[in-house]
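Dumped coords.txt below, it's compact mmCIF, C-alpha atoms and all ligand atoms:
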# COMPACT_ATOMS: atom_id res chain seq x y z
CA MET K 23 -8.87 -0.56 4.97
CA PRO K 24 -9.98 0.12 1.41
CA ARG K 25 -7.41 1.86 -0.74
CA GLN K 26 -9.56 4.89 -1.45
CA ARG K 27 -9.61 5.65 2.28
CA ARG K 28 -5.91 6.17 2.53
CA ALA K 29 -6.05 9.87 1.84
CA ILE K 30 -7.97 10.43 5.06
CA ALA K 31 -6.75 7.50 7.12
CA PRO K 32 -3.48 6.09 5.84
CA ALA K 33 -3.05 2.37 6.10
CA LEU K 34 -0.28 1.00 8.24
CA ASP K 35 2.68 -0.02 6.14
CA ASP K 36 2.52 -3.64 7.22
CA PRO K 37 -0.71 -5.61 6.91
CA VAL K 38 -1.81 -4.93 10.50
CA ARG K 39 -5.53 -4.34 10.33
CA ILE K 40 -7.04 -1.33 11.94
CA VAL K 41 -10.33 0.34 12.73
CA PRO K 42 -10.24 3.56 10.69
CA LEU K 43 -11.51 6.88 11.99
CA HIS K 44 -15.22 7.44 11.62
CA ALA K 45 -16.10 9.74 8.72
CA PRO K 46 -19.22 10.40 6.62
CA ARG K 47 -19.79 7.80 3.92
CA GLU K 48 -19.53 10.39 1.14
CA VAL K 49 -15.88 10.89 2.08
CA PHE K 50 -15.11 7.36 0.87
CA ALA K 51 -17.14 7.47 -2.35
CA PRO K 52 -14.98 7.49 -5.49
CA ALA K 53 -14.61 10.92 -7.12
CA PRO K 54 -16.43 11.41 -10.43
CA GLY K 55 -14.70 9.43 -13.18
CA ILE K 56 -12.96 7.11 -10.72
CA ALA K 57 -14.13 3.50 -10.86
CA ALA K 58 -15.46 2.01 -7.64
CA PRO K 59 -13.37 -0.91 -6.34
CA PRO K 60 -14.74 -4.40 -7.06
CA SER K 61 -17.39 -5.57 -4.63
CA PRO K 62 -15.99 -7.31 -1.56
CA GLN K 63 -15.23 -11.02 -1.42
CA LEU K 64 -13.05 -12.41 1.34
CA THR K 65 -10.81 -15.26 0.23
CA TYR K 66 -8.93 -17.68 2.46
CA ARG K 67 -5.12 -17.58 2.26
CA GLY K 68 -4.31 -20.79 4.15
CA GLY K 69 -3.21 -19.41 7.53
CA PRO K 70 -4.49 -20.16 11.04
CA LEU K 71 -7.91 -19.14 12.37
CA LEU K 72 -9.03 -18.81 16.00
CA GLY K 73 -11.58 -21.63 16.03
CA ALA K 74 -12.75 -21.17 19.63
CA VAL K 75 -11.32 -17.87 20.75
CA GLN K 76 -10.14 -17.46 24.34
CA VAL K 77 -10.20 -13.80 25.26
CA PHE K 78 -8.03 -12.41 28.06
CA THR K 79 -8.12 -8.66 28.78
CA VAL K 80 -5.18 -6.55 29.93
CA PHE K 81 -5.92 -3.04 31.19
CA TRP K 82 -2.63 -1.20 30.98
CA GLY K 83 -2.11 1.88 33.14
CA ALA K 84 -2.74 2.83 36.76
CA ALA K 85 -5.66 5.01 35.65
CA TRP K 86 -7.77 1.87 35.17
CA ASN K 87 -7.98 1.59 38.95
CA ASP K 88 -9.77 4.96 39.21
CA ALA K 89 -13.48 5.53 38.76
CA PRO K 90 -14.97 5.86 36.17
CA GLN K 91 -12.43 3.82 34.20
CA LEU K 92 -12.85 0.98 36.68
CA SER K 93 -16.49 0.59 35.77
CA THR K 94 -15.69 0.92 32.05
CA ALA K 95 -13.23 -1.95 32.45
CA GLN K 96 -15.86 -4.05 34.20
CA SER K 97 -18.35 -3.30 31.43
CA LEU K 98 -15.83 -4.27 28.76
CA ASN K 99 -15.14 -7.56 30.51
CA ARG K 100 -18.86 -8.30 30.72
CA PHE K 101 -19.27 -7.42 27.05
CA LEU K 102 -16.45 -9.71 25.96
CA GLN K 103 -17.85 -12.50 28.12
CA VAL K 104 -21.17 -12.16 26.28
CA VAL K 105 -19.96 -11.57 22.74
CA VAL K 106 -17.56 -14.52 22.44
CA ALA K 107 -20.44 -16.94 23.09
CA SER K 108 -23.15 -15.21 21.10
CA PRO K 109 -24.75 -15.14 17.64
CA TYR K 110 -22.11 -12.54 16.79
CA VAL K 111 -19.48 -15.28 16.74
CA ASP K 112 -21.91 -17.85 15.30
CA GLN K 113 -22.13 -15.73 12.15
CA LEU K 114 -18.42 -16.36 11.55
CA ALA K 115 -19.08 -20.09 11.01
CA GLU K 116 -19.25 -19.53 7.25
CA TYR K 117 -15.51 -18.85 7.37
CA GLY K 118 -14.66 -22.23 8.89
CA THR K 119 -12.47 -24.42 6.70
CA ASP K 120 -12.02 -28.18 6.29
CA ARG K 121 -9.21 -28.03 8.82
CA GLN K 122 -10.58 -25.44 11.21
CA ALA K 123 -14.20 -24.80 12.17
CA ILE K 124 -15.09 -21.46 13.79
CA GLY K 125 -17.42 -21.63 16.79
CA ARG K 126 -18.11 -19.96 20.10
CA GLY K 127 -15.26 -19.09 22.40
CA ARG K 128 -14.91 -17.94 25.96
CA TYR K 129 -13.63 -15.16 28.11
CA VAL K 130 -10.83 -16.48 30.30
CA GLY K 131 -9.95 -13.57 32.58
CA THR K 132 -8.49 -10.14 33.09
CA ALA K 133 -5.50 -8.34 34.58
CA THR K 134 -4.72 -4.72 35.29
CA VAL K 135 -1.09 -3.66 34.85
CA PRO K 136 -0.91 -0.46 36.90
CA ASP K 137 2.12 1.18 35.30
CA SER K 138 2.12 4.93 35.03
CA LEU K 139 2.00 5.75 31.33
CA GLY K 140 2.79 8.97 29.50
CA THR K 141 0.46 10.38 26.87
CA ASN K 142 1.74 7.96 24.28
CA VAL K 143 2.79 4.33 24.03
CA THR K 144 4.20 2.44 21.09
CA ASP K 145 3.18 -0.93 19.70
CA SER K 146 6.59 -2.29 20.63
CA ALA K 147 6.07 -1.15 24.24
CA ILE K 148 2.76 -3.03 24.26
CA ARG K 149 4.46 -6.17 22.95
CA HIS K 150 7.15 -5.82 25.58
CA MET K 151 4.58 -5.35 28.35
CA LEU K 152 2.66 -8.46 27.23
CA GLN K 153 5.79 -10.57 27.11
CA GLN K 154 6.85 -9.30 30.54
CA GLN K 155 3.46 -10.22 31.98
CA LEU K 156 3.75 -13.69 30.50
CA THR K 157 7.18 -14.32 32.01
CA ASN K 158 6.79 -12.76 35.45
CA GLY K 159 3.98 -15.00 36.65
CA SER K 160 1.53 -12.13 37.14
CA GLY K 161 -1.57 -14.12 36.28
CA VAL K 162 -1.69 -13.51 32.54
CA PRO K 163 -2.13 -17.02 31.10
CA ALA K 164 0.28 -18.38 28.51
CA PRO K 165 -1.10 -18.28 24.97
CA THR K 166 -2.94 -21.22 23.48
CA PRO K 167 -3.49 -21.43 19.70
CA ASP K 168 -6.89 -19.77 20.35
CA THR K 169 -5.87 -17.05 22.82
CA LEU K 170 -6.50 -13.42 21.98
CA TYR K 171 -5.19 -10.77 24.38
CA PHE K 172 -7.13 -7.52 24.34
CA VAL K 173 -4.98 -4.59 25.54
CA PHE K 174 -6.87 -1.48 26.62
CA LEU K 175 -5.32 1.95 27.16
CA PRO K 176 -6.75 4.56 29.57
CA PRO K 177 -8.09 8.02 28.67
CA GLY K 178 -5.48 10.42 27.30
CA VAL K 179 -3.05 7.75 26.14
CA SER K 180 -2.58 7.23 22.40
CA VAL K 181 -0.73 4.44 20.65
CA VAL K 182 1.67 4.65 17.73
CA ALA K 183 1.84 1.58 15.49
CA GLY K 184 3.32 1.23 12.02
CA GLY K 185 4.10 4.96 11.95
CA ASP K 186 0.48 5.97 12.61
CA ARG K 187 -1.16 7.26 15.77
CA SER K 188 -4.53 6.41 17.27
CA CYS K 189 -7.08 9.20 16.84
CA GLN K 190 -5.10 10.45 13.83
CA ALA K 191 -5.26 7.37 11.62
CA PHE K 192 -6.96 4.53 13.50
CA CYS K 193 -9.04 3.55 16.54
CA GLY K 194 -7.77 0.04 17.19
CA TYR K 195 -5.80 -2.78 15.58
CA HIS K 196 -4.84 -6.39 15.95
CA ASP K 197 -1.55 -8.09 15.27
CA HIS K 198 0.55 -11.09 16.22
CA ILE K 199 3.91 -11.84 17.77
CA GLU K 200 5.50 -14.65 15.79
CA ALA K 201 2.89 -17.27 14.95
CA GLN K 202 1.71 -17.86 18.48
CA LEU K 203 0.67 -14.72 20.30
CA PHE K 204 -2.34 -12.82 19.03
CA TYR K 205 -3.38 -9.47 20.43
CA ALA K 206 -5.67 -6.54 19.81
CA VAL K 207 -5.10 -2.99 21.02
CA VAL K 208 -8.03 -0.72 21.85
CA PRO K 209 -7.10 2.79 22.97
CA TYR K 210 -9.66 4.87 24.83
CA PRO K 211 -11.69 6.88 22.28
CA ASN K 212 -10.05 10.25 22.87
CA CYS K 213 -11.45 11.94 19.75
CA ALA K 214 -14.65 12.34 17.74
CA GLY K 215 -13.17 10.17 14.97
CA CYS K 216 -13.01 7.20 17.35
CA LEU K 217 -16.33 7.89 19.09
CA GLY K 218 -18.16 7.66 15.77
CA GLU K 219 -21.14 9.59 17.18
CA LEU K 220 -21.53 6.95 19.89
CA GLY K 221 -21.15 7.06 23.66
CA THR K 222 -17.78 5.99 25.03
CA LEU K 223 -18.77 2.44 25.97
CA ASP K 224 -20.62 1.86 22.69
CA ALA K 225 -17.61 3.11 20.72
CA LEU K 226 -15.35 0.77 22.68
CA THR K 227 -17.57 -2.28 22.21
CA SER K 228 -17.94 -1.51 18.49
CA VAL K 229 -14.17 -1.33 18.02
CA CYS K 230 -13.72 -4.48 20.15
CA SER K 231 -16.21 -6.41 18.04
CA HIS K 232 -14.44 -5.32 14.84
CA GLU K 233 -11.05 -6.48 16.16
CA LEU K 234 -12.47 -9.67 17.67
CA ALA K 235 -13.99 -10.78 14.35
CA GLU K 236 -10.84 -9.87 12.44
CA ALA K 237 -8.53 -11.65 14.86
CA ILE K 238 -10.69 -14.79 14.65
CA THR K 239 -10.81 -14.85 10.85
CA ASP K 240 -7.35 -13.40 10.11
CA PRO K 241 -5.07 -13.69 13.16
CA ILE K 242 -1.92 -13.33 11.02
CA PRO K 243 -2.87 -10.62 8.53
CA PRO K 244 -3.35 -11.27 5.66
CA GLN K 245 -2.91 -15.06 5.84
CA GLY K 246 -6.52 -15.79 6.83
CA TRP K 247 -9.68 -14.36 5.25
CA TYR K 248 -8.80 -11.22 3.37
CA ASP K 249 -9.84 -9.04 0.43
CA ASP K 250 -7.01 -7.31 -1.41
CA ASP K 251 -9.12 -4.23 -2.14
CA HIS K 252 -11.14 -3.95 1.05
CA GLY K 253 -9.10 -5.58 3.80
CA GLU K 254 -10.53 -7.75 6.55
CA ILE K 255 -14.04 -8.74 7.58
CA GLY K 256 -14.55 -5.67 9.77
CA ASP K 257 -12.95 -3.10 7.48
CA ILE K 258 -15.58 -3.60 4.80
CA CYS K 259 -18.34 -2.57 7.22
CA ALA K 260 -16.45 -0.10 9.43
CA TRP K 261 -18.65 2.00 11.73
CA GLN K 262 -21.90 0.35 10.71
CA ASN K 263 -23.30 -0.90 13.99
CA LYS K 264 -26.11 -3.02 15.37
CA GLN K 265 -27.23 -4.05 18.84
CA LEU K 266 -26.27 -7.31 20.50
CA GLY K 267 -28.52 -7.22 23.55
CA SER K 268 -27.60 -3.92 25.20
CA TYR K 269 -24.23 -3.67 23.42
CA ALA K 270 -23.24 -1.88 20.22
CA VAL K 271 -21.35 -4.17 17.85
CA GLN K 272 -20.09 -3.57 14.35
CA LEU K 273 -21.57 -5.25 11.30
CA LEU K 274 -19.34 -7.82 9.58
CA TRP K 275 -18.97 -8.77 5.94
CA SER K 276 -20.72 -11.98 4.93
CA ASN K 277 -19.58 -13.62 1.70
CA ARG K 278 -22.68 -15.79 1.85
CA ALA K 279 -25.10 -12.87 2.19
CA ASN K 280 -22.97 -10.60 0.00
CA GLY K 281 -23.42 -7.79 2.47
CA CYS K 282 -22.71 -6.41 5.93
CA MET K 283 -24.71 -8.13 8.64
ZN ZN K 301 -10.10 -3.80 10.69

Whole structure, structure tokens version:
Amino acid sequence: MPRQRRAIAPALDDPVRIVPLHAPREVFAPAPGIAAPPSPQLTYRGGPLLGAVQVFTVFWGAAWNDAPQLSTAQSLNRFLQVVVASPYVDQLAEYGTDRQAIGRGRYVGTATVPDSLGTNVTDSAIRHMLQQQLTNGSGVPAPTPDTLYFVFLPPGVSVVAGGDRSCQAFCGYHDHIEAQLFYAVVPYPNCAGCLGELGTLDALTSVCSHELAEAITDPIPPQGWYDDDHGEIGDICAWQNKQLGSYAVQLLWSNRANGCM
């Protein structure tokens, strides 16, 4: 997240990358007399990349078994199946390195964990849940170097991570556990700031695409592709969307094109 945005949407203390709340563009423009930050340029910091991402979805909370969340979950799975093997991922090829090319990935499955949740969960509870699922043989596959777990939260449940709460400071984030387990967290868009003037499913797919691209290009923030002023590939273009077939996806920064595309 760019530094000038912190007044409205404070960055997490650690370099976890987030989707900020949606706000009019003028809000982020420098005040008169304040220099604009340098134009974006992602640089590679030597860390791992997800060269052929394998996406597994985890729907946490019993509410995912109720309509209409059940159909939202099915739509999200279909979206992820499409997007990981689409031109959306092809456009990340420019960020391949000599050691690690970036190409199409695949969707490898889904699980619902029907716990009853309160109105709030913490990032550490999400980490604990994931690790429990991995050790109790519940069908969540063990991580490969390319695995990305997407954790979705049901309506009315917010997440606190790095001292900030979803719908107050962010709409989604990705992070890692040690150097081998990569995950993204996408809470249900419970507020206007995380709907971004979109319908619920479009807001969810936009946030998912942002986190997907960032997890592929910077799975251990900020050891992959990063810009010290602007953040990760999705942060630079936050809430600018385009269509991928029938799905809303977020634009991504292209060094090559010097713009969001
Ligand atoms: Zn981001």

With the cut-off set at 9 Å and counting all atoms listed in the file, tabulate each residue of chain K with an atom at most that distance from an atom of ligand ZN 301 (chain K), showing the nearest atom pair and its distance in Å to one decimal, ordered by chain and increasing number, as JSON lines.
{"residue": "K:Met23", "atom": "CA", "partner": "K:ZN301", "partner_atom": "ZN", "distance": 6.7}
{"residue": "K:Val38", "atom": "CA", "partner": "K:ZN301", "partner_atom": "ZN", "distance": 8.4}
{"residue": "K:Arg39", "atom": "CA", "partner": "K:ZN301", "partner_atom": "ZN", "distance": 4.6}
{"residue": "K:Ile40", "atom": "CA", "partner": "K:ZN301", "partner_atom": "ZN", "distance": 4.1}
{"residue": "K:Val41", "atom": "CA", "partner": "K:ZN301", "partner_atom": "ZN", "distance": 4.6}
{"residue": "K:Pro42", "atom": "CA", "partner": "K:ZN301", "partner_atom": "ZN", "distance": 7.4}
{"residue": "K:Gly194", "atom": "CA", "partner": "K:ZN301", "partner_atom": "ZN", "distance": 7.9}
{"residue": "K:Tyr195", "atom": "CA", "partner": "K:ZN301", "partner_atom": "ZN", "distance": 6.6}
{"residue": "K:His196", "atom": "CA", "partner": "K:ZN301", "partner_atom": "ZN", "distance": 7.9}
{"residue": "K:Val229", "atom": "CA", "partner": "K:ZN301", "partner_atom": "ZN", "distance": 8.7}
{"residue": "K:His232", "atom": "CA", "partner": "K:ZN301", "partner_atom": "ZN", "distance": 6.2}
{"residue": "K:Glu233", "atom": "CA", "partner": "K:ZN301", "partner_atom": "ZN", "distance": 6.2}
{"residue": "K:Ala235", "atom": "CA", "partner": "K:ZN301", "partner_atom": "ZN", "distance": 8.8}
{"residue": "K:Glu236", "atom": "CA", "partner": "K:ZN301", "partner_atom": "ZN", "distance": 6.4}
{"residue": "K:Gly253", "atom": "CA", "partner": "K:ZN301", "partner_atom": "ZN", "distance": 7.2}
{"residue": "K:Glu254", "atom": "CA", "partner": "K:ZN301", "partner_atom": "ZN", "distance": 5.7}
{"residue": "K:Ile255", "atom": "CA", "partner": "K:ZN301", "partner_atom": "ZN", "distance": 7.0}
{"residue": "K:Gly256", "atom": "CA", "partner": "K:ZN301", "partner_atom": "ZN", "distance": 4.9}
{"residue": "K:Asp257", "atom": "CA", "partner": "K:ZN301", "partner_atom": "ZN", "distance": 4.3}
{"residue": "K:Ile258", "atom": "CA", "partner": "K:ZN301", "partner_atom": "ZN", "distance": 8.0}
{"residue": "K:Ala260", "atom": "CA", "partner": "K:ZN301", "partner_atom": "ZN", "distance": 7.5}

Any chance you can output those residues with C-alpha atoms as a JSON list (two decimals), in the coordinates of the input?
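Writing done, so here's part04.json:
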[["chain", "number", "residue", "atom", "x", "y", "z"],
["K", 23, "MET", "CA", -8.87, -0.56, 4.97],
["K", 38, "VAL", "CA", -1.81, -4.93, 10.50],
["K", 39, "ARG", "CA", -5.53, -4.34, 10.33],
["K", 40, "ILE", "CA", -7.04, -1.33, 11.94],
["K", 41, "VAL", "CA", -10.33, 0.34, 12.73],
["K", 42, "PRO", "CA", -10.24, 3.56, 10.69],
["K", 194, "GLY", "CA", -7.77, 0.04, 17.19],
["K", 195, "TYR", "CA", -5.80, -2.78, 15.58],
["K", 196, "HIS", "CA", -4.84, -6.39, 15.95],
["K", 229, "VAL", "CA", -14.17, -1.33, 18.02],
["K", 232, "HIS", "CA", -14.44, -5.32, 14.84],
["K", 233, "GLU", "CA", -11.05, -6.48, 16.16],
["K", 235, "ALA", "CA", -13.99, -10.78, 14.35],
["K", 236, "GLU", "CA", -10.84, -9.87, 12.44],
["K", 253, "GLY", "CA", -9.10, -5.58, 3.80],
["K", 254, "GLU", "CA", -10.53, -7.75, 6.55],
["K", 255, "ILE", "CA", -14.04, -8.74, 7.58],
["K", 256, "GLY", "CA", -14.55, -5.67, 9.77],
["K", 257, "ASP", "CA", -12.95, -3.10, 7.48],
["K", 258, "ILE", "CA", -15.58, -3.60, 4.80],
["K", 260, "ALA", "CA", -16.45, -0.10, 9.43]]

Step by step, gather every atom of region 167-172 of chain K that the file lists, find the box along x, y and z that holds them, add 8 Å on each side, and finally give centre and edge lengths in Å to one decimal, as JSON.
{"center_x": -5.3, "center_y": -14.5, "center_z": 22.0, "size_x": 19.6, "size_y": 29.9, "size_z": 20.7}

Residues near Ala45 (chain K), anyone? I mean within 9 Å using all atoms listed in the file, not counting same-chain ones fewer than 5 positions away, as a ChimeraX atom specification.
/K:30,50,215,218,261

For the residues selected in the previous step, produce a file with C-alpha atoms as a PDB file, in the frame of the given file.
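Output saved as result_1.pdb:
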ATOM      1  CA  ILE K  30      -7.970  10.430   5.060  1.00  0.00           C
ATOM      2  CA  PHE K  50     -15.110   7.360   0.870  1.00  0.00           C
ATOM      3  CA  GLY K 215     -13.170  10.170  14.970  1.00  0.00           C
ATOM      4  CA  GLY K 218     -18.160   7.660  15.770  1.00  0.00           C
ATOM      5  CA  TRP K 261     -18.650   2.000  11.730  1.00  0.00           C
TER       6      TRP K 261
END

Fewer than 5 positions away in the same chain doesn't count, so skip those; otherwise give me all residues within 10 Å of Gly267 (chain K), counting all atoms listed in the file, as a PyMOL selection string.
chain K and resi 101+104-105+108

Of the listed residues K:Gln202, K:Ser228, K:Thr132, K:Thr94, that which approaches Asn263 (chain K) most closely, counting only C-alpha atoms
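Of K:Gln202, K:Ser228, K:Thr132, K:Thr94, the one nearest Asn263 (chain K), counting only C-alpha atoms, is K:Ser228.
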
As a ChimeraX atom specification, please: the residues near Gln262 (chain K) (cut-off 10 Å, only C-alpha atoms, same-chain neighbours under 5 positions excluded).
/K:44,218,228,256,270-274,282-283

Selected residues written out, C-alpha atoms, as a PDB file, in the frame of the given file:
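Generated output (part.pdb):
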ATOM      1  CA  HIS K  44     -15.220   7.440  11.620  1.00  0.00           C
ATOM      2  CA  GLY K 218     -18.160   7.660  15.770  1.00  0.00           C
ATOM      3  CA  SER K 228     -17.940  -1.510  18.490  1.00  0.00           C
ATOM      4  CA  GLY K 256     -14.550  -5.670   9.770  1.00  0.00           C
ATOM      5  CA  ALA K 270     -23.240  -1.880  20.220  1.00  0.00           C
ATOM      6  CA  VAL K 271     -21.350  -4.170  17.850  1.00  0.00           C
ATOM      7  CA  GLN K 272     -20.090  -3.570  14.350  1.00  0.00           C
ATOM      8  CA  LEU K 273     -21.570  -5.250  11.300  1.00  0.00           C
ATOM      9  CA  LEU K 274     -19.340  -7.820   9.580  1.00  0.00           C
ATOM     10  CA  CYS K 282     -22.710  -6.410   5.930  1.00  0.00           C
ATOM     11  CA  MET K 283     -24.710  -8.130   8.640  1.00  0.00           C
TER      12      MET K 283
END

Rank K:Leu92, K:Ala123, K:His252, K:Trp247 by their smallest atom-to-atom distance to Ala58 (chain K), using only C-alpha atoms, and report the top residue only.
K:His252

Can you work out the spacing between CA of Ser61 (chain K) and CA of Glu48 (chain K) in Å, to one decimal?
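Interatomic distance here is 17.1 Å.
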
With 12 Å as the threshold, what does the neighbourhood of (-14.3, -25.3, 8.8) contain in terms of residues, counting only C-alpha atoms? Coordinates are those of the file; answer as a ChimeraX atom specification.
/K:66,68,70-74,114-125,239

Residues as selected, C-alpha atoms, written as a PDB file, in the coordinates of the input, can you do that?
ATOM      1  CA  TYR K  66      -8.930 -17.680   2.460  1.00  0.00           C
ATOM      2  CA  GLY K  68      -4.310 -20.790   4.150  1.00  0.00           C
ATOM      3  CA  PRO K  70      -4.490 -20.160  11.040  1.00  0.00           C
ATOM      4  CA  LEU K  71      -7.910 -19.140  12.370  1.00  0.00           C
ATOM      5  CA  LEU K  72      -9.030 -18.810  16.000  1.00  0.00           C
ATOM      6  CA  GLY K  73     -11.580 -21.630  16.030  1.00  0.00           C
ATOM      7  CA  ALA K  74     -12.750 -21.170  19.630  1.00  0.00           C
ATOM      8  CA  LEU K 114     -18.420 -16.360  11.550  1.00  0.00           C
ATOM      9  CA  ALA K 115     -19.080 -20.090  11.010  1.00  0.00           C
ATOM     10  CA  GLU K 116     -19.250 -19.530   7.250  1.00  0.00           C
ATOM     11  CA  TYR K 117     -15.510 -18.850   7.370  1.00  0.00           C
ATOM     12  CA  GLY K 118     -14.660 -22.230   8.890  1.00  0.00           C
ATOM     13  CA  THR K 119     -12.470 -24.420   6.700  1.00  0.00           C
ATOM     14  CA  ASP K 120     -12.020 -28.180   6.290  1.00  0.00           C
ATOM     15  CA  ARG K 121      -9.210 -28.030   8.820  1.00  0.00           C
ATOM     16  CA  GLN K 122     -10.580 -25.440  11.210  1.00  0.00           C
ATOM     17  CA  ALA K 123     -14.200 -24.800  12.170  1.00  0.00           C
ATOM     18  CA  ILE K 124     -15.090 -21.460  13.790  1.00  0.00           C
ATOM     19  CA  GLY K 125     -17.420 -21.630  16.790  1.00  0.00           C
ATOM     20  CA  THR K 239     -10.810 -14.850  10.850  1.00  0.00           C
TER      21      THR K 239
END

Please list, as a PyMOL selection string, the residues that have an atom at most 9 Å away from (-19.8, 3.1, 29.7) in the coordinates of this file, counting all atoms listed in the file.
chain K and resi 90-91+93-95+97-98+221-224+226

Closest atom pairs, residues of region 159-245 of chain K within 6 Å of region 142-153 of chain K, only C-alpha atoms, as a Markdown table:
| residue | atom | partner | partner_atom | distance |
| --- | --- | --- | --- | --- |
| K:Val179 | CA | K:Asn142 | CA | 5.1 |
| K:Ser180 | CA | K:Asn142 | CA | 4.8 |
| K:Val181 | CA | K:Val143 | CA | 4.9 |
| K:Val182 | CA | K:Thr144 | CA | 4.8 |
| K:Ala183 | CA | K:Asp145 | CA | 5.1 |

Let me see the file: selected residues, C-alpha atoms, as an mmCIF file, in the frame of the given file.
data_model
loop_
_atom_site.group_PDB
_atom_site.id
_atom_site.type_symbol
_atom_site.label_atom_id
_atom_site.label_comp_id
_atom_site.auth_asym_id
_atom_site.auth_seq_id
_atom_site.Cartn_x
_atom_site.Cartn_y
_atom_site.Cartn_z
ATOM 1 C CA VAL K 179 -3.050 7.750 26.140
ATOM 2 C CA SER K 180 -2.580 7.230 22.400
ATOM 3 C CA VAL K 181 -0.730 4.440 20.650
ATOM 4 C CA VAL K 182 1.670 4.650 17.730
ATOM 5 C CA ALA K 183 1.840 1.580 15.490
#

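Between CA of Val173 (chain K) and CA of Pro209 (chain K) lies a distance of 8.1 Å.
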
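Minimum distance to Leu203 (chain K) across K:Ser231, K:Ser268, K:Thr166, K:Gln155 (counting only C-alpha atoms) occurs at K:Thr166.
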
Check the smallest atom-to-atom distance from each of K:Leu170, K:Ala279, K:Val80, K:Cys259 to Tyr205 (chain K) using only C-alpha atoms, then report the winner.
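For Tyr205 (chain K), the nearest of the candidates is K:Leu170.
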
In Å, rounded to a single decimal, give me how far CA of Pro176 (chain K) is from CA of Ala89 (chain K).
11.4 Å

Give me, as a VMD selection string, all polymer residues having an atom no more than 8 Å from Thr79 (chain K), counting all atoms listed in the file and skipping those fewer than 5 positions away in the same chain.
chain K and resid 99 131 to 133 171 to 174

For Tyr129 (chain K), which residue out of K:Glu219, K:Arg67, K:Leu234, K:Ala51 is the nearest one, using all atoms listed in the file?
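Using all atoms listed in the file, Tyr129 (chain K) sits closest to K:Leu234.
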
For region 157-161 of chain K, write all heavy atoms out as an mmCIF file, in the first residue's frame.
data_model
loop_
_atom_site.group_PDB
_atom_site.id
_atom_site.type_symbol
_atom_site.label_atom_id
_atom_site.label_comp_id
_atom_site.auth_asym_id
_atom_site.auth_seq_id
_atom_site.Cartn_x
_atom_site.Cartn_y
_atom_site.Cartn_z
ATOM 1 N N THR K 157 -2.942 -31.516 9.458
ATOM 2 C CA THR K 157 -2.472 -32.659 10.246
ATOM 3 C C THR K 157 -3.575 -33.664 10.545
ATOM 4 O O THR K 157 -3.274 -34.796 10.884
ATOM 5 C CB THR K 157 -1.852 -32.184 11.577
ATOM 6 O OG1 THR K 157 -2.776 -31.317 12.230
ATOM 7 C CG2 THR K 157 -0.547 -31.445 11.347
ATOM 8 N N ASN K 158 -4.841 -33.275 10.390
ATOM 9 C CA ASN K 158 -5.888 -34.225 10.804
ATOM 10 C C ASN K 158 -6.459 -35.044 9.658
ATOM 11 O O ASN K 158 -7.484 -35.702 9.801
ATOM 12 C CB ASN K 158 -6.996 -33.511 11.590
ATOM 13 C CG ASN K 158 -7.834 -32.599 10.713
ATOM 14 O OD1 ASN K 158 -7.686 -32.602 9.491
ATOM 15 N ND2 ASN K 158 -8.727 -31.844 11.330
ATOM 16 N N GLY K 159 -5.800 -34.982 8.486
ATOM 17 C CA GLY K 159 -6.220 -35.834 7.387
ATOM 18 C C GLY K 159 -7.611 -35.523 6.866
ATOM 19 O O GLY K 159 -8.355 -36.411 6.463
ATOM 20 N N SER K 160 -7.981 -34.243 6.845
ATOM 21 C CA SER K 160 -9.344 -33.874 6.468
ATOM 22 C C SER K 160 -9.499 -33.600 4.977
ATOM 23 O O SER K 160 -10.515 -33.111 4.541
ATOM 24 C CB SER K 160 -9.760 -32.631 7.248
ATOM 25 O OG SER K 160 -8.883 -31.575 6.910
ATOM 26 N N GLY K 161 -8.480 -33.894 4.206
ATOM 27 C CA GLY K 161 -8.613 -33.694 2.759
ATOM 28 C C GLY K 161 -7.964 -32.436 2.247
ATOM 29 O O GLY K 161 -7.978 -32.189 1.045
#
